[in-house]
Protein chains: 2
Amino acid sequence: MPALLDQLGRGMTVDLAARVTASARTAVSRMDSDLDDWLDDKRRQPFESTVITLDELAEPQGWRCAPDTGNVEHHSGRFFTVEGLHVTTNHGHTREWWQPILVQRDIAVLGIIAKEFDGVLHFRLQAKMEPGNIGMVQLSPTVQATSSNYTRVHRGRPARYVEYFIEPGRGRVLVDVLQSEQGAWFHLKRSRNIVIEVTDDVPVHEDFRWLTLGQIRRLLRQPNIINMDARTVLGCLPVAAPADDPDGHGVFDGGSEPGGTHTMTEILSWFTGRKSAYELNARLVPMNSLVGWRQDAGRILPEDGGDFSIVGVRVHARTREVHQWKQPLLAPHGLALAGLVTRRIGGRQHALIRAEVLPGYRDTVELGPTARFMMNDYADTPADRRPEFLDYLLSARENVRYDVVQSEEGGRFLHAETRYLIVEADDSFPLQAPPDFSWIAVEQLMALQRHSYYLGIEARTLLFCLNNL
Amino acid sequence: MPALLDQLGRGMTVDLAARVTASARTAVSRMDSDLDDWLDDKRRQPFESTVITLDELAEPQGWRCAPDTGNVEHHSGRFFTVEGLHVTTNHGHTREWWQPILVQRDIAVLGIIAKEFDGVLHFRLQAKMEPGNIGMVQLSPTVQATSSNYTRVHRGRPARYVEYFIEPGRGRVLVDVLQSEQGAWFHLKRSRNIVIEVTDDVPVHEDFRWLTLGQIRRLLRQPNIINMDARTVLGCLPVAAPADDPDGHGVFDGGSEPGGTHTMTEILSWFTGRKSAYELNARLVPMNSLVGWRQDAGRILPEDGGDFSIVGVRVHARTREVHQWKQPLLAPHGLALAGLVTRRIGGRQHALIRAEVLPGYRDTVELGPTARFMMNDYADTPADRRPEFLDYLLSARENVRYDVVQSEEGGRFLHAETRYLIVEADDSFPLQAPPDFSWIAVEQLMALQRHSYYLGIEARTLLFCLNNL
């Protein structure tokens, strides 16, 4: 029996989960007694983001629609491009379509520096302006940088603190995993979610503060403060089971085989089965070959209303590496919903997870919320074509556990807001799930999240919120 | 403490590991006292595989070089295609190249039915002919079928026993995971490695036998008997730690956090770091645009000698679903080596694993053997450009643990043989490893193998051999 505990690594992970949990229970820190004032101050700074035509992007920063392909690209060939995608699939109602998609081949670092103060883990977050943000400034990881940033293609300063993540030996790695981002809008995109704990002094800078997870948890109850990248990185940290865990032993760390209504073998088999059931062919094609899209008034937009357009923005900022720039952004048409049904089964918290097929995923399927939907389609979509459980989620009242609008990545999307909704179902909610759905225990989801490409970005945000209720 | 054991799933996995281990220790089974005779008999059957020109493939089975692209494809659009690949990368000596590559978009089922006889797990293997096999017939999984097989594109019989794997509820799933295949020769290929345990009677057929893992282990000491697909599927089963495990508790199941000289967090971080370090762009292009390749005498071959050609074969068989057919195959130029250095560190068996960058991988890097190399290049490759540790492996003598030539998939490759070599280093072998290498404990590798796209196909074969020494 003691042998089971006597394993290198497990001890450390249990220890880390306990330390993360202690940080989550620390709502006040002497490191940041004026946190709200500082944040208000940052958010009052005069930033400006103006929608311009794609033609206006050309000078002097050098984004253009390439004459042969129509792809939107930077003259340096770096950053990202907007290209066309042709999709055929045997999944869902629509079996073939064309769409623009963001292509970013290099791996961005989403890095957070962690450090103990007064024995409690703090995380270094940055008040960062992004052109597409609601409120312009949100709290982001210590570093959000593509290799274009640190190789200085845009001729600005290298991202502050980036050396902690690209030079070895600057600290102890707590988490380091590639995760996908929006599979509907990004082609094969993944980012490096990394947390490094240091013991040495870290240079101060007024845009950065040390926060406990308890402070972050409080801000997570407000809309559009904790940005997408901070949510996904912090969400990868192990957490200890809640005090009311009836078994009293759960550590959501992916270490020991976590239990649930299905075994891990059953869950992995279901996931493999969903991938095997669905074929999806997604091929990059020139933007000017897209069927159902047109360029009009300096945007690229769908002919039928659709879910998003591609626009240009001009940004003026005083705290970014480059003080002013223009760039393309993907502008969603209205609010998205990402809703999760949870239920206690056998004393353990479970989530009803959907195997979601998206054209930008590396392997066709990742785990999504119970329902994900662009809300502007709601009125026009007949009930029998709405995602399963959507109406249930939207009609929930007293059993709503979380209901807050958060932003998606403001460096690529313009005002992309998602209503994150967690509804706790009672015992009358059926355990039988349709083929694309599975009840997965929270600790099982945490175990899967140690690895790449199981949980999609919205499921990761919801899991982070659920663990921080 | 008991709570740690009281977890659904873990109990089952430990139990399964014990049962797999018991099967491995059972060298004789009453189910198959005449195994060798049966196998000899199967291997004596008159099969014929003849190299023909690619032009000769056209009639009547309908493979052709498409006039516009030069891609080799079947008229039905199914099975697989041979297309061109253009690769640019920042990894290795060669930074840009063109090559043909096999493209197979649907997920093949590699399925084995397991059943207990006399309390011991037996596995149903098939004596199966493949056109590219050394010896024509090798032991393969119960089912090796693409959806082209079971949707009957080739108008033959559906693959025998395939219903066990595509109809739900036929048995209990023991393993079910997508794994990659040769990333140098396949574009994004993955197969479903699945083992299902049944209790009901299974229809008999003379091409199939029930074998214990102990019998399979014995055959694995002989060259070219246990085929690649059987190796990868069986290798995914958990195994119990060897009796000399000093801690006496290891179950190589991926359940509890397994220990090693590096923690799992460190290993995952190293893997993430290797993926972040290397950019690789691999884009499908028409075959007739490949630089450095030509079509000559009915083959597609490299201008400089190179590693492989694309050829046609004509097959005559009496036991396959279709009795005679023609198809293209990839023909490697000579023997490959896949060598693994192992070492006991802190009482645990470790392997020196290389992060291998290959153009057909879904995410750039998977874990490979210590060295992998096409041996016909050996004499011409100066020592300083040979893979690290290659010369060490080739000069090993008394510490060779395994040294057997096995075949790669005979349905796609013509006489593709790999010398699988395991060398156990002593304590004088340096623990310090170059950046692309890491010492990983065997039980850690087994834990990673529960998930897709960590271990490449050669590393999986070597791990299977190592666990069955």
# chains A, B, ... in the order shown; residues from 1 in each chain; ligands from 1
$ select_by_dssp --residues "stretch 314-428 of chain A" --states "helix (DSSP H, G or I)" --output "count of residues only"
12
$ residues_around --residues "A:Arg217" --least-positions-apart "4" --cutoff "7 Å" --atoms "only C-alpha atoms" --output "list in words"
Leu213, Arg221 and Asn468 of chain A
$ residues_around --residues "stretch 69-80 of chain A" --least-positions-apart "4" --cutoff "8 Å" --atoms "only C-alpha atoms" --output "NGL selection string"
:A and (62-65 or 84 or 102-105 or 146 or 148 or 153 or 286-289 or 328)
$ write_last_selection --atoms "all heavy atoms" --output "CSV table (one decimal), in the first residue's frame"
chain,number,residue,atom,x,y,z
A,62,GLY,N,2.1,46.8,-43.8
A,62,GLY,CA,2.4,45.7,-44.7
A,62,GLY,C,1.5,44.4,-44.7
A,62,GLY,O,2.0,43.4,-44.9
A,63,TRP,N,0.2,44.6,-44.3
A,63,TRP,CA,-0.7,43.5,-44.6
A,63,TRP,C,-1.4,43.7,-45.9
A,63,TRP,O,-1.7,44.8,-46.2
A,63,TRP,CB,-1.8,43.4,-43.5
A,63,TRP,CG,-1.3,42.9,-42.1
A,63,TRP,CD1,-0.7,43.7,-41.2
A,63,TRP,CD2,-1.3,41.6,-41.6
A,63,TRP,NE1,-0.4,42.9,-40.1
A,63,TRP,CE2,-0.7,41.6,-40.4
A,63,TRP,CE3,-1.7,40.4,-42.2
A,63,TRP,CZ2,-0.6,40.5,-39.6
A,63,TRP,CZ3,-1.6,39.3,-41.4
A,63,TRP,CH2,-1.0,39.3,-40.1
A,64,ARG,N,-1.6,42.6,-46.7
A,64,ARG,CA,-2.2,42.8,-48.0
A,64,ARG,C,-3.0,41.6,-48.3
A,64,ARG,O,-2.8,40.5,-47.8
A,64,ARG,CB,-1.2,43.1,-49.0
A,64,ARG,CG,-0.2,41.9,-49.1
A,64,ARG,CD,0.6,41.9,-50.4
A,64,ARG,NE,1.2,40.6,-50.5
A,64,ARG,CZ,1.8,40.1,-51.6
A,64,ARG,NH1,1.9,40.9,-52.7
A,64,ARG,NH2,2.3,38.9,-51.7
A,65,CYS,N,-3.9,41.7,-49.3
A,65,CYS,CA,-4.6,40.6,-49.9
A,65,CYS,C,-3.7,40.2,-51.1
A,65,CYS,O,-3.6,41.0,-52.0
A,65,CYS,CB,-6.0,40.9,-50.4
A,65,CYS,SG,-7.1,41.3,-49.0
A,84,GLY,N,-8.2,30.4,-47.2
A,84,GLY,CA,-9.4,29.7,-47.5
A,84,GLY,C,-9.4,28.3,-47.0
A,84,GLY,O,-8.3,27.7,-47.0
A,102,LEU,N,-7.9,31.3,-39.9
A,102,LEU,CA,-6.7,31.9,-39.5
A,102,LEU,C,-5.6,30.8,-39.5
A,102,LEU,O,-5.8,29.7,-38.9
A,102,LEU,CB,-6.8,32.5,-38.2
A,102,LEU,CG,-7.9,33.6,-38.0
A,102,LEU,CD1,-7.8,34.2,-36.6
A,102,LEU,CD2,-7.8,34.6,-39.1
A,103,VAL,N,-4.5,31.0,-40.1
A,103,VAL,CA,-3.4,30.0,-40.1
A,103,VAL,C,-2.2,30.6,-39.4
A,103,VAL,O,-1.7,31.7,-39.8
A,103,VAL,CB,-3.0,29.7,-41.6
A,103,VAL,CG1,-1.9,28.7,-41.6
A,103,VAL,CG2,-4.2,29.2,-42.3
A,104,GLN,N,-1.8,30.0,-38.4
A,104,GLN,CA,-0.6,30.4,-37.6
A,104,GLN,C,0.2,29.2,-37.3
A,104,GLN,O,-0.1,28.4,-36.5
A,104,GLN,CB,-1.1,31.1,-36.3
A,104,GLN,CG,0.1,31.6,-35.5
A,104,GLN,CD,-0.4,32.5,-34.3
A,104,GLN,OE1,-1.5,33.0,-34.4
A,104,GLN,NE2,0.4,32.5,-33.3
A,105,ARG,N,1.4,29.0,-38.0
A,105,ARG,CA,2.1,27.8,-37.9
A,105,ARG,C,3.0,27.7,-36.7
A,105,ARG,O,3.2,26.6,-36.2
A,105,ARG,CB,2.9,27.6,-39.2
A,105,ARG,CG,2.0,27.4,-40.4
A,105,ARG,CD,2.7,26.7,-41.6
A,105,ARG,NE,1.7,26.2,-42.6
A,105,ARG,CZ,1.1,27.0,-43.5
A,105,ARG,NH1,1.4,28.3,-43.5
A,105,ARG,NH2,0.2,26.5,-44.3
A,146,THR,N,4.4,34.9,-29.8
A,146,THR,CA,4.8,33.9,-30.9
A,146,THR,C,6.3,34.1,-31.1
A,146,THR,O,6.9,35.0,-30.7
A,146,THR,CB,4.0,34.3,-32.2
A,146,THR,OG1,4.5,35.6,-32.6
A,146,THR,CG2,2.5,34.3,-32.0
A,148,SER,N,7.5,35.0,-33.7
A,148,SER,CA,7.6,36.3,-34.4
A,148,SER,C,7.9,37.4,-33.4
A,148,SER,O,8.6,38.3,-33.7
A,148,SER,CB,6.3,36.7,-35.1
A,148,SER,OG,6.0,35.7,-36.1
A,153,VAL,N,10.3,40.1,-35.5
A,153,VAL,CA,10.0,40.4,-36.8
A,153,VAL,C,9.3,41.8,-36.9
A,153,VAL,O,9.5,42.5,-37.9
A,153,VAL,CB,9.0,39.4,-37.4
A,153,VAL,CG1,8.5,39.7,-38.8
A,153,VAL,CG2,9.6,38.0,-37.4
A,286,PRO,N,-7.1,28.9,-51.9
A,286,PRO,CA,-6.9,30.3,-52.0
A,286,PRO,C,-8.3,31.0,-51.5
A,286,PRO,O,-9.3,30.5,-51.8
A,286,PRO,CB,-6.7,30.6,-53.5
A,286,PRO,CG,-6.2,29.3,-54.0
A,286,PRO,CD,-6.8,28.2,-53.2
A,287,MET,N,-8.1,32.1,-50.8
A,287,MET,CA,-9.3,32.9,-50.4
A,287,MET,C,-10.2,33.3,-51.5
A,287,MET,O,-11.4,33.3,-51.4
A,287,MET,CB,-8.8,34.2,-49.7
A,287,MET,CG,-8.5,34.0,-48.2
A,287,MET,SD,-9.9,33.8,-47.2
A,287,MET,CE,-10.3,35.5,-46.9
A,288,ASN,N,-9.6,33.6,-52.7
A,288,ASN,CA,-10.4,34.0,-53.8
A,288,ASN,C,-11.2,32.9,-54.5
A,288,ASN,O,-11.9,33.1,-55.5
A,288,ASN,CB,-9.6,34.9,-54.8
A,288,ASN,CG,-8.4,34.1,-55.3
A,288,ASN,OD1,-8.4,32.9,-55.2
A,288,ASN,ND2,-7.4,34.9,-55.8
A,289,SER,N,-11.1,31.7,-54.0
A,289,SER,CA,-11.8,30.6,-54.5
A,289,SER,C,-13.0,30.1,-53.6
A,289,SER,O,-13.7,29.2,-53.9
A,289,SER,CB,-10.9,29.4,-54.7
A,289,SER,OG,-10.6,28.8,-53.5
A,328,PRO,N,-5.4,42.5,-39.5
A,328,PRO,CA,-6.7,41.9,-39.8
A,328,PRO,C,-7.2,41.2,-38.5
A,328,PRO,O,-6.4,40.7,-37.7
A,328,PRO,CB,-6.5,40.8,-40.9
A,328,PRO,CG,-5.0,40.5,-40.8
A,328,PRO,CD,-4.3,41.7,-40.2
$ atom_distance --atom1 "atom CA of A:Leu35" --atom2 "atom CA of A:Ala17"
25.1 Å
$ select_by_dssp --residues "stretch 336-398 of chain A" --states "strand (DSSP E)" --output "number ranges by chain"
A: 336-345, 348-357, 365-368, 371-374
$ write_last_selection --atoms "C-alpha atoms" --output "PDB file, in the first residue's frame"
ATOM      1  CA  ALA A 336     -21.561  32.600 -28.686  1.00  0.00           C
ATOM      2  CA  LEU A 337     -22.851  30.260 -26.023  1.00  0.00           C
ATOM      3  CA  ALA A 338     -20.754  27.541 -24.420  1.00  0.00           C
ATOM      4  CA  GLY A 339     -22.923  25.615 -22.010  1.00  0.00           C
ATOM      5  CA  LEU A 340     -22.061  22.716 -19.746  1.00  0.00           C
ATOM      6  CA  VAL A 341     -24.482  20.425 -17.974  1.00  0.00           C
ATOM      7  CA  THR A 342     -23.034  18.945 -14.780  1.00  0.00           C
ATOM      8  CA  ARG A 343     -24.459  16.300 -12.481  1.00  0.00           C
ATOM      9  CA  ARG A 344     -23.322  14.404  -9.430  1.00  0.00           C
ATOM     10  CA  ILE A 345     -23.131  10.713 -10.218  1.00  0.00           C
ATOM     11  CA  ARG A 348     -18.680  12.665  -8.021  1.00  0.00           C
ATOM     12  CA  GLN A 349     -19.127  15.769 -10.116  1.00  0.00           C
ATOM     13  CA  HIS A 350     -19.514  14.861 -13.790  1.00  0.00           C
ATOM     14  CA  ALA A 351     -19.874  16.954 -16.936  1.00  0.00           C
ATOM     15  CA  LEU A 352     -21.847  16.026 -20.023  1.00  0.00           C
ATOM     16  CA  ILE A 353     -19.200  16.355 -22.704  1.00  0.00           C
ATOM     17  CA  ARG A 354     -19.750  16.440 -26.438  1.00  0.00           C
ATOM     18  CA  ALA A 355     -17.330  15.033 -28.995  1.00  0.00           C
ATOM     19  CA  GLU A 356     -17.029  18.081 -31.225  1.00  0.00           C
ATOM     20  CA  VAL A 357     -15.958  17.880 -34.868  1.00  0.00           C
ATOM     21  CA  VAL A 365     -12.555  15.631 -32.798  1.00  0.00           C
ATOM     22  CA  GLU A 366     -11.926  17.215 -29.405  1.00  0.00           C
ATOM     23  CA  LEU A 367     -14.037  17.326 -26.267  1.00  0.00           C
ATOM     24  CA  GLY A 368     -16.411  20.281 -26.199  1.00  0.00           C
ATOM     25  CA  ALA A 371     -23.614  22.708 -26.359  1.00  0.00           C
ATOM     26  CA  ARG A 372     -21.807  25.433 -28.273  1.00  0.00           C
ATOM     27  CA  PHE A 373     -23.776  27.758 -30.508  1.00  0.00           C
ATOM     28  CA  MET A 374     -23.701  31.200 -32.170  1.00  0.00           C
TER      29      MET A 374
END
